[in-house]
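S.K.: target-v8.cif is reproduced below (mmCIF, C-alpha atoms (C1' of nucleotides)).
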data_coords
#
loop_
_atom_site.label_atom_id
_atom_site.label_comp_id
_atom_site.auth_asym_id
_atom_site.auth_seq_id
_atom_site.Cartn_x
_atom_site.Cartn_y
_atom_site.Cartn_z
CA MET A 909 -30.21 16.13 -18.74
CA GLY A 910 -29.63 12.59 -17.59
CA ARG A 911 -30.17 11.25 -14.12
CA PRO A 912 -28.99 13.75 -11.52
CA ARG A 913 -26.22 12.80 -9.12
CA ALA A 914 -27.66 11.50 -5.88
CA PHE A 915 -24.65 12.19 -3.66
CA ASP A 916 -23.03 15.42 -2.51
CA GLN A 917 -19.75 15.51 -4.43
CA PRO A 918 -17.85 17.92 -2.15
CA ALA A 919 -18.91 15.88 0.87
CA ALA A 920 -17.76 12.71 -0.88
CA VAL A 921 -14.36 14.25 -1.59
CA ILE A 922 -14.05 15.19 2.08
CA ALA A 923 -14.89 11.64 3.13
CA ALA A 924 -12.31 10.25 0.70
CA MET A 925 -9.73 12.79 1.87
CA ASP A 926 -10.26 11.70 5.48
CA GLN A 927 -9.66 8.10 4.46
CA PHE A 928 -6.46 8.84 2.47
CA TRP A 929 -5.31 11.11 5.29
CA LEU A 930 -5.82 8.39 7.87
CA ARG A 931 -4.42 5.36 6.07
CA GLY A 932 -2.25 6.71 3.24
CA TYR A 933 -2.62 6.09 -0.48
CA GLU A 934 -1.56 2.47 -0.90
CA ALA A 935 -3.31 1.12 2.20
CA THR A 936 -6.61 2.71 1.18
CA SER A 937 -8.61 0.49 -1.18
CA VAL A 938 -11.30 1.64 -3.57
CA ARG A 939 -13.80 -0.26 -1.43
CA ASP A 940 -12.61 1.62 1.67
CA LEU A 941 -13.22 4.80 -0.27
CA SER A 942 -16.68 3.87 -1.58
CA ASN A 943 -17.70 2.85 1.95
CA ALA A 944 -16.42 6.08 3.48
CA MET A 945 -18.04 8.13 0.73
CA SER A 946 -21.29 6.14 0.94
CA ILE A 947 -21.42 5.58 -2.80
CA THR A 948 -20.88 2.52 -4.99
CA GLY A 949 -17.68 1.80 -6.81
CA ALA A 950 -19.34 2.54 -10.14
CA SER A 951 -20.39 6.01 -8.98
CA LEU A 952 -16.87 6.63 -7.74
CA TYR A 953 -15.30 5.77 -11.08
CA ASN A 954 -18.03 7.61 -12.97
CA ALA A 955 -17.50 10.81 -11.01
CA PHE A 956 -13.74 10.81 -10.41
CA GLY A 957 -12.15 8.62 -13.08
CA ASP A 958 -9.83 6.43 -11.05
CA LYS A 959 -8.20 6.12 -7.64
CA ARG A 960 -5.29 8.41 -8.42
CA SER A 961 -7.53 11.10 -9.85
CA LEU A 962 -9.72 10.98 -6.75
CA PHE A 963 -6.60 11.34 -4.63
CA CYS A 964 -5.65 14.48 -6.56
CA HIS A 965 -9.07 15.96 -5.79
CA CYS A 966 -8.56 15.07 -2.14
CA LEU A 967 -5.11 16.64 -1.92
CA GLU A 968 -6.33 19.81 -3.63
CA ASN A 969 -9.24 19.91 -1.20
CA TYR A 970 -6.83 19.46 1.71
CA LEU A 971 -4.66 22.31 0.52
CA ASP A 972 -7.64 24.62 0.11
CA THR A 973 -9.27 23.63 3.38
CA TYR A 974 -6.23 23.51 5.63
CA ALA A 975 -2.85 24.63 4.29
CA ARG A 976 -3.94 27.70 2.34
CA ARG A 977 -6.31 28.78 5.10
CA CYS A 978 -3.42 28.81 7.58
CA ILE A 979 -1.28 30.73 5.09
CA ALA A 980 -4.02 33.31 4.56
CA GLN A 981 -4.37 33.84 8.30
CA LEU A 982 -0.65 34.32 8.69
CA ASP A 983 -0.55 36.78 5.78
CA ALA A 984 -3.50 38.69 7.21
CA CYS A 985 -1.84 39.24 10.57
CA ASP A 986 -0.19 42.64 10.94
CA ASP A 987 2.01 41.52 13.80
CA PRO A 988 4.23 38.76 12.35
CA ILE A 989 5.27 37.36 15.73
CA LEU A 990 1.67 37.16 16.81
CA GLY A 991 0.76 35.60 13.47
CA LEU A 992 3.49 32.99 13.78
CA THR A 993 2.52 32.26 17.37
CA VAL A 994 -1.09 31.70 16.36
CA PHE A 995 0.07 29.61 13.38
CA PHE A 996 2.15 27.25 15.50
CA ASP A 997 -0.36 27.16 18.36
CA LYS A 998 -2.99 25.95 15.95
CA LEU A 999 -0.57 23.52 14.35
CA LEU A 1000 0.30 22.08 17.76
CA GLU A 1001 -3.32 21.78 18.82
CA ALA A 1002 -4.25 20.09 15.54
CA SER A 1003 -1.23 17.78 15.63
CA LEU A 1004 -1.88 16.65 19.19
CA THR A 1005 -5.61 16.02 18.78
CA ASP A 1006 -5.43 14.52 15.28
CA ARG A 1007 -2.57 12.07 14.91
CA ARG A 1008 -2.95 11.67 11.15
CA GLY A 1009 -0.29 14.31 10.64
CA CYS A 1010 -0.48 16.40 7.47
CA LEU A 1011 -1.81 14.98 4.20
CA LEU A 1012 0.65 17.14 2.28
CA VAL A 1013 3.66 15.86 4.22
CA ASN A 1014 2.38 12.28 4.15
CA SER A 1015 2.00 12.59 0.39
CA ALA A 1016 5.50 14.02 0.08
CA VAL A 1017 6.80 10.76 1.55
CA GLU A 1018 4.44 8.19 0.06
CA VAL A 1019 3.20 9.35 -3.33
CA ALA A 1020 5.47 12.16 -4.55
CA PRO A 1021 8.43 9.83 -5.33
CA TRP A 1022 6.26 7.91 -7.82
CA ASP A 1023 4.12 10.63 -9.31
CA PRO A 1024 5.96 13.54 -10.95
CA GLU A 1025 2.79 15.60 -11.29
CA LEU A 1026 1.88 15.23 -7.63
CA ALA A 1027 5.53 15.82 -6.73
CA ARG A 1028 5.32 19.22 -8.43
CA LEU A 1029 2.12 20.01 -6.54
CA VAL A 1030 3.73 18.99 -3.25
CA GLN A 1031 6.83 21.08 -3.86
CA ALA A 1032 4.76 24.09 -4.96
CA SER A 1033 2.57 23.83 -1.86
CA LEU A 1034 5.55 23.59 0.47
CA ARG A 1035 6.96 26.62 -1.28
CA GLU A 1036 3.68 28.47 -0.64
CA ILE A 1037 4.11 27.84 3.08
CA GLU A 1038 7.79 28.84 2.98
CA ASP A 1039 6.89 32.03 1.10
CA SER A 1040 4.27 32.92 3.66
CA PHE A 1041 6.91 32.61 6.39
CA HIS A 1042 9.23 34.72 4.26
CA ARG A 1043 6.62 37.47 3.92
CA ALA A 1044 6.00 37.41 7.66
CA LEU A 1045 9.73 37.88 8.27
CA GLU A 1046 9.84 40.72 5.74
CA ARG A 1047 7.05 42.48 7.61
CA LEU A 1048 8.87 41.83 10.86
CA LEU A 1049 12.13 43.37 9.73
CA ALA A 1050 10.89 45.88 7.15
CA MET A 1051 13.55 44.47 4.79
CA ARG A 1052 16.56 45.54 6.81
CA GLN A 1053 18.11 42.08 6.54
CA PRO A 1054 19.67 40.60 3.43
CA ASP A 1055 17.14 38.41 1.67
CA HIS A 1056 19.41 35.41 2.01
CA ASP A 1057 18.98 35.33 5.78
CA LEU A 1058 15.22 35.65 5.51
CA ARG A 1059 14.98 32.82 3.03
CA ALA A 1060 17.09 30.58 5.25
CA ALA A 1061 14.98 31.50 8.27
CA ALA A 1062 11.77 30.82 6.37
CA ARG A 1063 13.14 27.43 5.36
CA ALA A 1064 14.04 26.62 8.93
CA MET A 1065 10.46 27.36 9.92
CA LEU A 1066 9.08 25.20 7.09
CA SER A 1067 11.39 22.48 8.31
CA ALA A 1068 9.83 22.78 11.76
CA VAL A 1069 6.34 22.37 10.29
CA ILE A 1070 7.33 19.25 8.37
CA SER A 1071 9.10 17.49 11.22
CA LEU A 1072 6.38 18.45 13.68
CA ARG A 1073 3.82 16.78 11.44
CA VAL A 1074 5.96 13.69 10.92
CA LEU A 1075 6.58 13.32 14.64
CA ALA A 1076 2.90 13.81 15.44
CA ARG A 1077 1.90 11.06 13.01
CA ALA A 1078 4.50 8.72 14.47
CA GLY A 1079 3.20 9.33 17.99
CA GLY A 1080 5.73 11.87 19.26
CA ASP A 1081 5.08 13.32 22.68
CA SER A 1082 3.66 16.77 23.34
CA GLU A 1083 6.87 18.09 24.88
CA ARG A 1084 8.96 17.39 21.81
CA LEU A 1085 6.34 18.93 19.52
CA HIS A 1086 6.10 22.07 21.63
CA SER A 1087 9.88 22.30 21.73
CA ILE A 1088 10.11 22.33 17.94
CA ALA A 1089 7.36 24.92 17.62
CA ARG A 1090 9.14 27.19 20.12
CA SER A 1091 12.38 26.86 18.16
CA ALA A 1092 10.58 27.88 14.99
CA ILE A 1093 9.21 31.03 16.58
CA ALA A 1094 12.60 31.71 18.11
CA VAL A 1095 14.02 31.86 14.59
CA ALA A 1096 11.83 34.90 14.01
CA THR A 1097 12.40 36.60 17.35
CA ASP A 1098 16.16 36.05 17.08
CA LEU A 1099 16.18 37.66 13.66
CA ARG A 1100 14.23 40.61 15.00
CA ASP A 1101 16.52 41.10 17.99
CA THR A 1102 19.72 40.97 15.93
CA MET B 276 20.97 -30.81 11.12
CA GLY B 277 18.70 -30.57 8.12
CA ARG B 278 19.36 -29.03 4.73
CA PRO B 279 21.60 -26.00 5.00
CA ARG B 280 20.35 -22.59 3.88
CA ALA B 281 21.46 -21.86 0.32
CA PHE B 282 21.20 -18.07 0.48
CA ASP B 283 23.14 -15.44 2.40
CA GLN B 284 20.69 -14.22 5.01
CA PRO B 285 22.31 -10.84 5.76
CA ALA B 286 22.56 -10.11 2.03
CA ALA B 287 18.90 -11.06 1.62
CA VAL B 288 17.91 -8.66 4.40
CA ILE B 289 19.86 -5.89 2.69
CA ALA B 290 18.11 -6.58 -0.61
CA ALA B 291 14.72 -6.51 1.11
CA MET B 292 15.65 -3.33 2.97
CA ASP B 293 16.53 -1.62 -0.31
CA GLN B 294 13.15 -2.59 -1.70
CA PHE B 295 11.18 -1.35 1.32
CA TRP B 296 13.32 1.78 1.37
CA LEU B 297 12.60 2.49 -2.28
CA ARG B 298 8.88 1.75 -2.48
CA GLY B 299 7.59 1.82 1.09
CA TYR B 300 5.88 -0.96 3.03
CA GLU B 301 2.45 -1.22 1.41
CA ALA B 302 3.62 -0.80 -2.18
CA THR B 303 6.20 -3.58 -1.79
CA SER B 304 4.74 -7.03 -2.42
CA VAL B 305 6.12 -10.29 -1.14
CA ARG B 306 6.91 -11.19 -4.76
CA ASP B 307 8.86 -7.96 -5.16
CA LEU B 308 10.80 -8.97 -2.08
CA SER B 309 11.48 -12.54 -3.13
CA ASN B 310 12.66 -11.29 -6.53
CA ALA B 311 14.95 -8.67 -4.99
CA MET B 312 16.27 -11.20 -2.48
CA SER B 313 16.68 -13.91 -5.16
CA ILE B 314 14.90 -16.49 -3.06
CA THR B 315 11.50 -18.13 -3.34
CA GLY B 316 8.49 -17.04 -1.33
CA ALA B 317 8.61 -20.25 0.67
CA SER B 318 12.21 -19.57 1.72
CA LEU B 319 11.24 -16.04 2.66
CA TYR B 320 8.44 -17.19 4.93
CA ASN B 321 10.55 -20.00 6.32
CA ALA B 322 13.40 -17.70 7.25
CA PHE B 323 11.57 -14.54 8.32
CA GLY B 324 8.04 -15.51 9.28
CA ASP B 325 5.95 -12.97 7.44
CA LYS B 326 6.16 -9.66 5.60
CA ARG B 327 5.94 -7.51 8.72
CA SER B 328 8.59 -9.51 10.52
CA LEU B 329 10.92 -9.20 7.53
CA PHE B 330 10.31 -5.47 7.56
CA CYS B 331 11.34 -5.34 11.22
CA HIS B 332 14.61 -7.08 10.34
CA CYS B 333 15.11 -4.54 7.56
CA LEU B 334 14.47 -1.53 9.75
CA GLU B 335 16.80 -2.87 12.43
CA ASN B 336 19.43 -3.43 9.77
CA TYR B 337 18.93 0.11 8.48
CA LEU B 338 19.37 1.54 11.95
CA ASP B 339 22.54 -0.45 12.55
CA THR B 340 24.01 0.24 9.12
CA TYR B 341 23.14 3.91 8.72
CA ALA B 342 21.59 5.77 11.65
CA ARG B 343 23.69 4.37 14.49
CA ARG B 344 26.86 4.61 12.43
CA CYS B 345 26.27 8.33 11.95
CA ILE B 346 25.54 8.71 15.65
CA ALA B 347 28.74 6.89 16.60
CA GLN B 348 30.81 9.13 14.32
CA LEU B 349 29.27 12.24 15.83
CA ASP B 350 29.90 10.96 19.35
CA ALA B 351 33.49 10.09 18.48
CA CYS B 352 34.29 13.58 17.27
CA ASP B 353 36.05 15.75 19.85
CA ASP B 354 35.14 18.98 18.11
CA PRO B 355 31.33 19.10 18.17
CA ILE B 356 31.03 21.76 15.45
CA LEU B 357 33.28 19.73 13.19
CA GLY B 358 31.31 16.61 14.04
CA LEU B 359 28.01 18.29 13.23
CA THR B 360 29.41 19.73 10.01
CA VAL B 361 30.57 16.30 8.91
CA PHE B 362 27.24 14.80 9.99
CA PHE B 363 25.18 17.20 7.90
CA ASP B 364 27.59 17.16 4.97
CA LYS B 365 27.20 13.42 4.75
CA LEU B 366 23.45 13.69 5.19
CA LEU B 367 23.26 16.20 2.35
CA GLU B 368 25.41 14.14 0.05
CA ALA B 369 23.39 11.01 0.76
CA SER B 370 20.08 12.81 0.40
CA LEU B 371 20.99 14.39 -2.92
CA THR B 372 22.40 11.24 -4.52
CA ASP B 373 19.83 8.82 -3.09
CA ARG B 374 16.30 10.17 -3.30
CA ARG B 375 14.75 7.40 -1.24
CA GLY B 376 15.03 9.59 1.84
CA CYS B 377 15.43 7.86 5.20
CA LEU B 378 13.83 4.49 5.93
CA LEU B 379 13.33 5.52 9.56
CA VAL B 380 11.49 8.74 8.63
CA ASN B 381 9.52 7.00 5.89
CA SER B 382 8.49 4.36 8.43
CA ALA B 383 7.51 7.06 10.91
CA VAL B 384 4.98 8.28 8.36
CA GLU B 385 3.78 5.05 6.77
CA VAL B 386 3.98 2.20 9.28
CA ALA B 387 4.33 3.68 12.77
CA PRO B 388 0.69 4.89 12.95
CA TRP B 389 -0.52 1.31 12.49
CA ASP B 390 2.07 -0.67 14.40
CA PRO B 391 2.57 0.25 18.06
CA GLU B 392 5.69 -1.88 18.36
CA LEU B 393 7.36 -0.28 15.35
CA ALA B 394 6.15 3.11 16.57
CA ARG B 395 8.11 2.55 19.78
CA LEU B 396 11.19 1.57 17.80
CA VAL B 397 10.84 4.65 15.60
CA GLN B 398 10.46 6.98 18.57
CA ALA B 399 13.37 5.38 20.39
CA SER B 400 15.59 5.69 17.33
CA LEU B 401 14.71 9.33 16.80
CA ARG B 402 15.48 9.88 20.46
CA GLU B 403 18.90 8.26 19.92
CA ILE B 404 19.65 10.83 17.25
CA GLU B 405 18.37 13.68 19.39
CA ASP B 406 20.46 12.48 22.33
CA SER B 407 23.56 12.37 20.17
CA PHE B 408 22.97 16.00 19.21
CA HIS B 409 22.42 16.78 22.87
CA ARG B 410 25.74 15.21 23.84
CA ALA B 411 27.50 17.16 21.09
CA LEU B 412 26.05 20.38 22.45
CA GLU B 413 27.09 19.43 25.98
CA ARG B 414 30.64 18.94 24.77
CA LEU B 415 30.46 22.23 22.93
CA LEU B 416 29.36 24.24 25.95
CA ALA B 417 30.89 22.22 28.75
CA MET B 418 27.52 22.36 30.49
CA ARG B 419 27.43 26.10 31.02
CA GLN B 420 23.92 26.33 29.57
CA PRO B 421 20.73 25.19 31.28
CA ASP B 422 19.79 21.74 30.07
CA HIS B 423 16.47 23.03 28.83
CA ASP B 424 18.12 25.09 26.11
CA LEU B 425 20.31 22.21 25.01
CA ARG B 426 17.38 19.87 24.72
CA ALA B 427 15.43 22.38 22.64
CA ALA B 428 18.45 22.94 20.40
CA ALA B 429 18.97 19.20 19.96
CA ARG B 430 15.31 18.86 19.00
CA ALA B 431 15.62 21.66 16.48
CA MET B 432 18.51 19.80 14.89
CA LEU B 433 16.57 16.52 14.85
CA SER B 434 13.77 18.44 13.19
CA ALA B 435 16.19 19.55 10.49
CA VAL B 436 17.22 15.96 9.85
CA ILE B 437 13.62 14.80 9.50
CA SER B 438 12.46 17.56 7.18
CA LEU B 439 15.62 17.33 5.11
CA ARG B 440 14.92 13.65 4.52
CA VAL B 441 11.26 14.26 3.72
CA LEU B 442 12.10 17.01 1.26
CA ALA B 443 14.79 14.93 -0.40
CA ARG B 444 12.36 12.05 -0.95
CA ALA B 445 9.77 14.42 -2.40
CA GLY B 446 12.31 15.85 -4.84
CA GLY B 447 13.28 19.05 -3.04
CA ASP B 448 16.07 21.07 -4.63
CA SER B 449 19.64 21.18 -3.40
CA GLU B 450 19.48 24.80 -2.30
CA ARG B 451 16.61 24.22 0.09
CA LEU B 452 18.28 21.16 1.55
CA HIS B 453 21.56 23.00 2.09
CA SER B 454 19.71 25.88 3.66
CA ILE B 455 18.12 23.63 6.25
CA ALA B 456 21.42 21.94 7.04
CA ARG B 457 23.11 25.32 7.56
CA SER B 458 20.31 26.38 9.90
CA ALA B 459 20.80 23.24 11.95
CA ILE B 460 24.52 23.90 12.37
CA ALA B 461 23.75 27.54 13.12
CA VAL B 462 21.71 26.35 16.09
CA ALA B 463 24.93 25.00 17.57
CA THR B 464 27.20 27.92 16.69
CA ASP B 465 24.62 30.41 17.98
CA LEU B 466 24.45 28.56 21.28
CA ARG B 467 28.26 28.59 21.53
CA ASP B 468 28.52 32.31 20.80
CA THR B 469 25.85 33.33 23.28
"C1'" DG C 1357 -45.47 9.90 -23.13
"C1'" DT C 1358 -41.05 9.04 -25.80
"C1'" DG C 1359 -36.27 9.06 -26.49
"C1'" DA C 1360 -31.78 10.35 -25.15
"C1'" DT C 1361 -28.68 10.56 -21.39
"C1'" DT C 1362 -26.66 9.95 -17.04
"C1'" DT C 1363 -26.34 7.72 -12.51
"C1'" DT C 1364 -27.35 4.07 -9.85
"C1'" DA C 1365 -26.75 -0.76 -7.86
"C1'" DG C 1366 -24.77 -5.24 -8.08
"C1'" DA C 1367 -22.20 -8.58 -10.07
"C1'" DT C 1368 -18.01 -9.64 -11.88
"C1'" DC C 1369 -13.60 -9.13 -14.43
"C1'" DG C 1370 -8.55 -10.73 -14.57
"C1'" DA C 1371 -4.65 -9.70 -11.73
"C1'" DT C 1372 -2.38 -9.68 -7.73
"C1'" DC C 1373 -2.31 -9.85 -2.70
"C1'" DG C 1374 -0.10 -12.40 1.61
"C1'" DT C 1375 0.33 -16.92 2.82
"C1'" DT C 1376 0.56 -21.97 2.79
"C1'" DA C 1377 0.45 -27.00 1.16
"C1'" DT C 1378 3.17 -30.44 -1.18
"C1'" DA C 1379 6.94 -32.93 -2.18
"C1'" DA C 1380 11.58 -33.25 -3.91
"C1'" DA C 1381 16.41 -32.12 -2.45
"C1'" DA C 1382 20.20 -31.84 0.82
"C1'" DC C 1383 22.23 -32.27 4.90
"C1'" DG C 1384 23.71 -34.67 10.06
"C1'" DA C 1385 22.99 -38.52 13.14
"C1'" DA C 1386 22.27 -43.36 13.69
"C1'" DT D 889 21.96 -46.78 4.32
"C1'" DT D 890 18.25 -45.16 6.59
"C1'" DC D 891 15.97 -41.80 9.37
"C1'" DG D 892 14.85 -37.21 10.94
"C1'" DT D 893 15.02 -32.52 9.87
"C1'" DT D 894 15.28 -28.44 7.32
"C1'" DT D 895 15.31 -25.89 2.91
"C1'" DT D 896 14.14 -25.77 -1.57
"C1'" DA D 897 11.01 -25.16 -5.77
"C1'" DT D 898 6.45 -25.17 -7.54
"C1'" DA D 899 1.84 -24.71 -7.33
"C1'" DA D 900 -1.89 -23.17 -5.43
"C1'" DC D 901 -4.99 -21.24 -1.71
"C1'" DG D 902 -8.86 -17.80 -0.55
"C1'" DA D 903 -9.10 -12.93 -0.33
"C1'" DT D 904 -8.80 -8.69 -2.12
"C1'" DC D 905 -7.00 -5.45 -5.56
"C1'" DG D 906 -8.39 -1.60 -9.14
"C1'" DA D 907 -11.51 -1.36 -12.59
"C1'" DT D 908 -15.58 -2.50 -15.63
"C1'" DC D 909 -20.01 -4.50 -17.42
"C1'" DT D 910 -24.99 -4.85 -17.37
"C1'" DA D 911 -29.24 -3.27 -16.63
"C1'" DA D 912 -32.55 -0.84 -13.92
"C1'" DA D 913 -33.74 3.91 -12.22
"C1'" DA D 914 -34.12 8.78 -12.75
"C1'" DT D 915 -34.01 12.91 -15.02
"C1'" DC D 916 -34.50 16.48 -19.22
"C1'" DA D 917 -35.83 17.93 -23.97
"C1'" DC D 918 -39.29 17.23 -27.08
#
Mind turning the file's structure into structure tokens?
M.R.:
Amino acid sequence: MGRPRAFDQPAAVIAAMDQFWLRGYEATSVRDLSNAMSITGASLYNAFGDKRSLFCHCLENYLDTYARRCIAQLDACDDPILGLTVFFDKLLEASLTDRRGCLLVNSAVEVAPWDPELARLVQASLREIEDSFHRALERLLAMRQPDHDLRAAARAMLSAVISLRVLARAGGDSERLHSIARSAIAVATDLRDT
Amino acid sequence: MGRPRAFDQPAAVIAAMDQFWLRGYEATSVRDLSNAMSITGASLYNAFGDKRSLFCHCLENYLDTYARRCIAQLDACDDPILGLTVFFDKLLEASLTDRRGCLLVNSAVEVAPWDPELARLVQASLREIEDSFHRALERLLAMRQPDHDLRAAARAMLSAVISLRVLARAGGDSERLHSIARSAIAVATDLRDT
DNA sequence: GTGATTTTAGATCGATCGTTATAAAACGAA
DNA sequence: TTCGTTTTATAACGATCGATCTAAAATCAC
């Protein structure tokens, strides 16, 4: 009942996500969003509530579309070293061709300090990535190492992801980005060869 | 000649820096700044030009007051491992008591993508930190290693600094932060013991 | 078709944005 | 003292902010 929605909601969320991803939360106005989404401001508020709520949809969509897809691929790879190599190769390629960095990391810096709910989502998502690294290291070593070392190694690899994304957004050069990715993989190979 | 300035300019820059550091560039209004600096908007524009120019002063002040001071201490330390330990201990303590993160890293995410001049400053400053790590590793190994390894190790340590600061701002827990700091120091000790 | 309901488009809300105009106040030079 | 110069305080500028109102358009149940 009622007039049916004339716009494609998932497509609109993607358009809004691209805008937030590019410019950040504060620098993106509701008019920027309605232009990018090709809908009027009234439709935006009718469908999504307010700016913050739309941003939540966008971040969730980002996590589903990008972060969790990478995690799933890493988990699905039998050879952890191969999986990690593919993971960081893709991350490098994406970071060098798309200088917006990572919406999750950008949000960790810009919105998380002022939004406890989003801060929890950010921390949980980062933990998902760290856990995926941890599982890859468990597969690599068949649990011969104390868990403490694996957790620290997984955190070092998460740290590489974060800084790589920050540096990419700030215009860091390819050599530095590659260097960090190699170090992250070396964490795994070093653990294996111990 | 002319009426003398009634406010302490360096103190005003510090107050503005604290505001930008806390809230970020876009979320800080000129009125927020003039309140924090205890001067009127007219005085602000008279003394600093515009908002962006004031921000440049603030970032320069941050680099001089914090980043370069840490670098100088690391350079001054004869024992590189001790120097790095002190460096990361201080970084941890600062990150856990002050959740604003690092103004340089925050700026890398929020302002560098839209300001080529500030992007150059950000990259140059990150390089200063990386180079300080590199020098510490050179002292540690007395140049027995190929430079390529040292550069990669220095970058891995810079990566730890960046992600540590991002995680701290987003509310990351103490354990994760300590874990990353330990990994960074382990990069140096592993190189030494090779 | 009629009524109920929802989405559309467009105008507009008060608030706030970065910035500037105005003029009084406070100094050094003459 | 008077003049020239700079800073101060206050008010205000046009533009834009996030959000909302009104009314026309589009659908379903009946």
S.K.: Skip D:DT910 itself and residues of its chain fewer than 3 positions away, then list as an mmCIF file with C-alpha atoms (C1' of nucleotides), in the frame of the given file all residues within 12 Å of it, counting all atoms listed in the file.
M.R.:
data_model
loop_
_atom_site.group_PDB
_atom_site.id
_atom_site.type_symbol
_atom_site.label_atom_id
_atom_site.label_comp_id
_atom_site.auth_asym_id
_atom_site.auth_seq_id
_atom_site.Cartn_x
_atom_site.Cartn_y
_atom_site.Cartn_z
ATOM 1 C CA ALA A 950 -19.340 2.540 -10.140
ATOM 2 C "C1'" DT C 1364 -27.350 4.070 -9.850
ATOM 3 C "C1'" DA C 1365 -26.750 -0.760 -7.860
ATOM 4 C "C1'" DG C 1366 -24.770 -5.240 -8.080
ATOM 5 C "C1'" DA C 1367 -22.200 -8.580 -10.070
ATOM 6 C "C1'" DT C 1368 -18.010 -9.640 -11.880
#
S.K.: Would you kindly return, as an MDAnalysis selection string, each protein, DNA or RNA residue with an atom no farther than 9 Å from any atom of C:DC1383, considering all atoms listed in the file and excluding same-chain residues fewer than 2 positions away?
M.R.: (chainID B and resid 276:279) or (chainID D and resid 893:894)
S.K.: Under the PyMOL selection byres ((chain B and resi 335-338) around 10), which residues of this model are included? Write them out as a PyMOL selection string.
M.R.: chain B and resi 285+288-289+292-293+296+329-334+339-345+377-379+396-397+400
S.K.: Selection from above, C-alpha atoms, as a PDB file, in the coordinates of the input, can you write it?
M.R.:
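This is the output file selection.pdb:
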ATOM      1  CA  PRO B 285      22.310 -10.840   5.760  1.00  0.00           C
ATOM      2  CA  VAL B 288      17.910  -8.660   4.400  1.00  0.00           C
ATOM      3  CA  ILE B 289      19.860  -5.890   2.690  1.00  0.00           C
ATOM      4  CA  MET B 292      15.650  -3.330   2.970  1.00  0.00           C
ATOM      5  CA  ASP B 293      16.530  -1.620  -0.310  1.00  0.00           C
ATOM      6  CA  TRP B 296      13.320   1.780   1.370  1.00  0.00           C
ATOM      7  CA  LEU B 329      10.920  -9.200   7.530  1.00  0.00           C
ATOM      8  CA  PHE B 330      10.310  -5.470   7.560  1.00  0.00           C
ATOM      9  CA  CYS B 331      11.340  -5.340  11.220  1.00  0.00           C
ATOM     10  CA  HIS B 332      14.610  -7.080  10.340  1.00  0.00           C
ATOM     11  CA  CYS B 333      15.110  -4.540   7.560  1.00  0.00           C
ATOM     12  CA  LEU B 334      14.470  -1.530   9.750  1.00  0.00           C
ATOM     13  CA  ASP B 339      22.540  -0.450  12.550  1.00  0.00           C
ATOM     14  CA  THR B 340      24.010   0.240   9.120  1.00  0.00           C
ATOM     15  CA  TYR B 341      23.140   3.910   8.720  1.00  0.00           C
ATOM     16  CA  ALA B 342      21.590   5.770  11.650  1.00  0.00           C
ATOM     17  CA  ARG B 343      23.690   4.370  14.490  1.00  0.00           C
ATOM     18  CA  ARG B 344      26.860   4.610  12.430  1.00  0.00           C
ATOM     19  CA  CYS B 345      26.270   8.330  11.950  1.00  0.00           C
ATOM     20  CA  CYS B 377      15.430   7.860   5.200  1.00  0.00           C
ATOM     21  CA  LEU B 378      13.830   4.490   5.930  1.00  0.00           C
ATOM     22  CA  LEU B 379      13.330   5.520   9.560  1.00  0.00           C
ATOM     23  CA  LEU B 396      11.190   1.570  17.800  1.00  0.00           C
ATOM     24  CA  VAL B 397      10.840   4.650  15.600  1.00  0.00           C
ATOM     25  CA  SER B 400      15.590   5.690  17.330  1.00  0.00           C
TER      26      SER B 400
END
S.K.: Go through D:DT908, D:DT915, D:DT898, D:DT889 and flag the residue nearest C:DA1360, using only C-alpha atoms (C1' of nucleotides) for the distances.
M.R.: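 Selected residue with least distance to C:DA1360: D:DT915.
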S.K.: Show which residues sit within 12 Å of D:DA900, as a list in words. Count only C-alpha atoms (C1' of nucleotides), and ignore same-chain residues fewer than 4 positions away.
M.R.: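 Once the adjacent positions are removed, what remains is DT1375, DT1376, DA1377 and DT1378 of chain C.
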S.K.: For the atom pair atom CA of A:Ile979 and atom CA of B:Arg430, what is the interatomic distance in Å to one decimal place?
M.R.: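 Answer for the atom CA of A:Ile979 to atom CA of B:Arg430 separation: 24.7 Å.
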S.K.: Only residues of chain B matter here; which ones have an atom within 9 Å of chain A, counting only C-alpha atoms? Give them as a PyMOL selection string.
M.R.: chain B and resi 297-299+301-302+374-376+380-389+394-395+397-398+426-428+430-431+433-439+441-442+444-447+451-452+454-459
S.K.: Please measure the separation of atom CA of B:Ser313 and atom CA of B:Arg280, giving the value in Å to one decimal.
M.R.: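 Between atom CA of B:Ser313 and atom CA of B:Arg280 the gap is 13.1 Å.
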S.K.: Can you list, as a list in words, the residues that the PyMOL selection byres ((chain C) within 6 of (chain A)) selects here?
M.R.: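 This file gives the following for the PyMOL selection byres ((chain C) within 6 of (chain A)): DT1361, DT1362 and DT1363 of chain C.
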S.K.: Using all atoms listed in the file, find all polymer residues with an atom at most 12 Å away from the point (33.1, 18.7, 14.1); report them as a list in words.
M.R.: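 The residues near that point, listed by chain and number, are Gln348, Leu349, Asp350, Ala351, Cys352, Asp353, Asp354, Pro355, Ile356, Leu357, Gly358, Leu359, Thr360, Val361, Phe362, Phe363, Asp364, Phe408, Ala411, Leu412, Arg414, Leu415, Ile460, Ala463 and Thr464 of chain B.
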S.K.: Would you compute an axis-aligned box for stretch 327-330 of chain B, covering every atom listed for it in the file with 5 Å of margin on each side, and report centre and edge lengths in Å to one decimal as JSON?
M.R.:
{"center_x": 8.4, "center_y": -7.5, "center_z": 9.0, "size_x": 15.0, "size_y": 14.0, "size_z": 13.0}
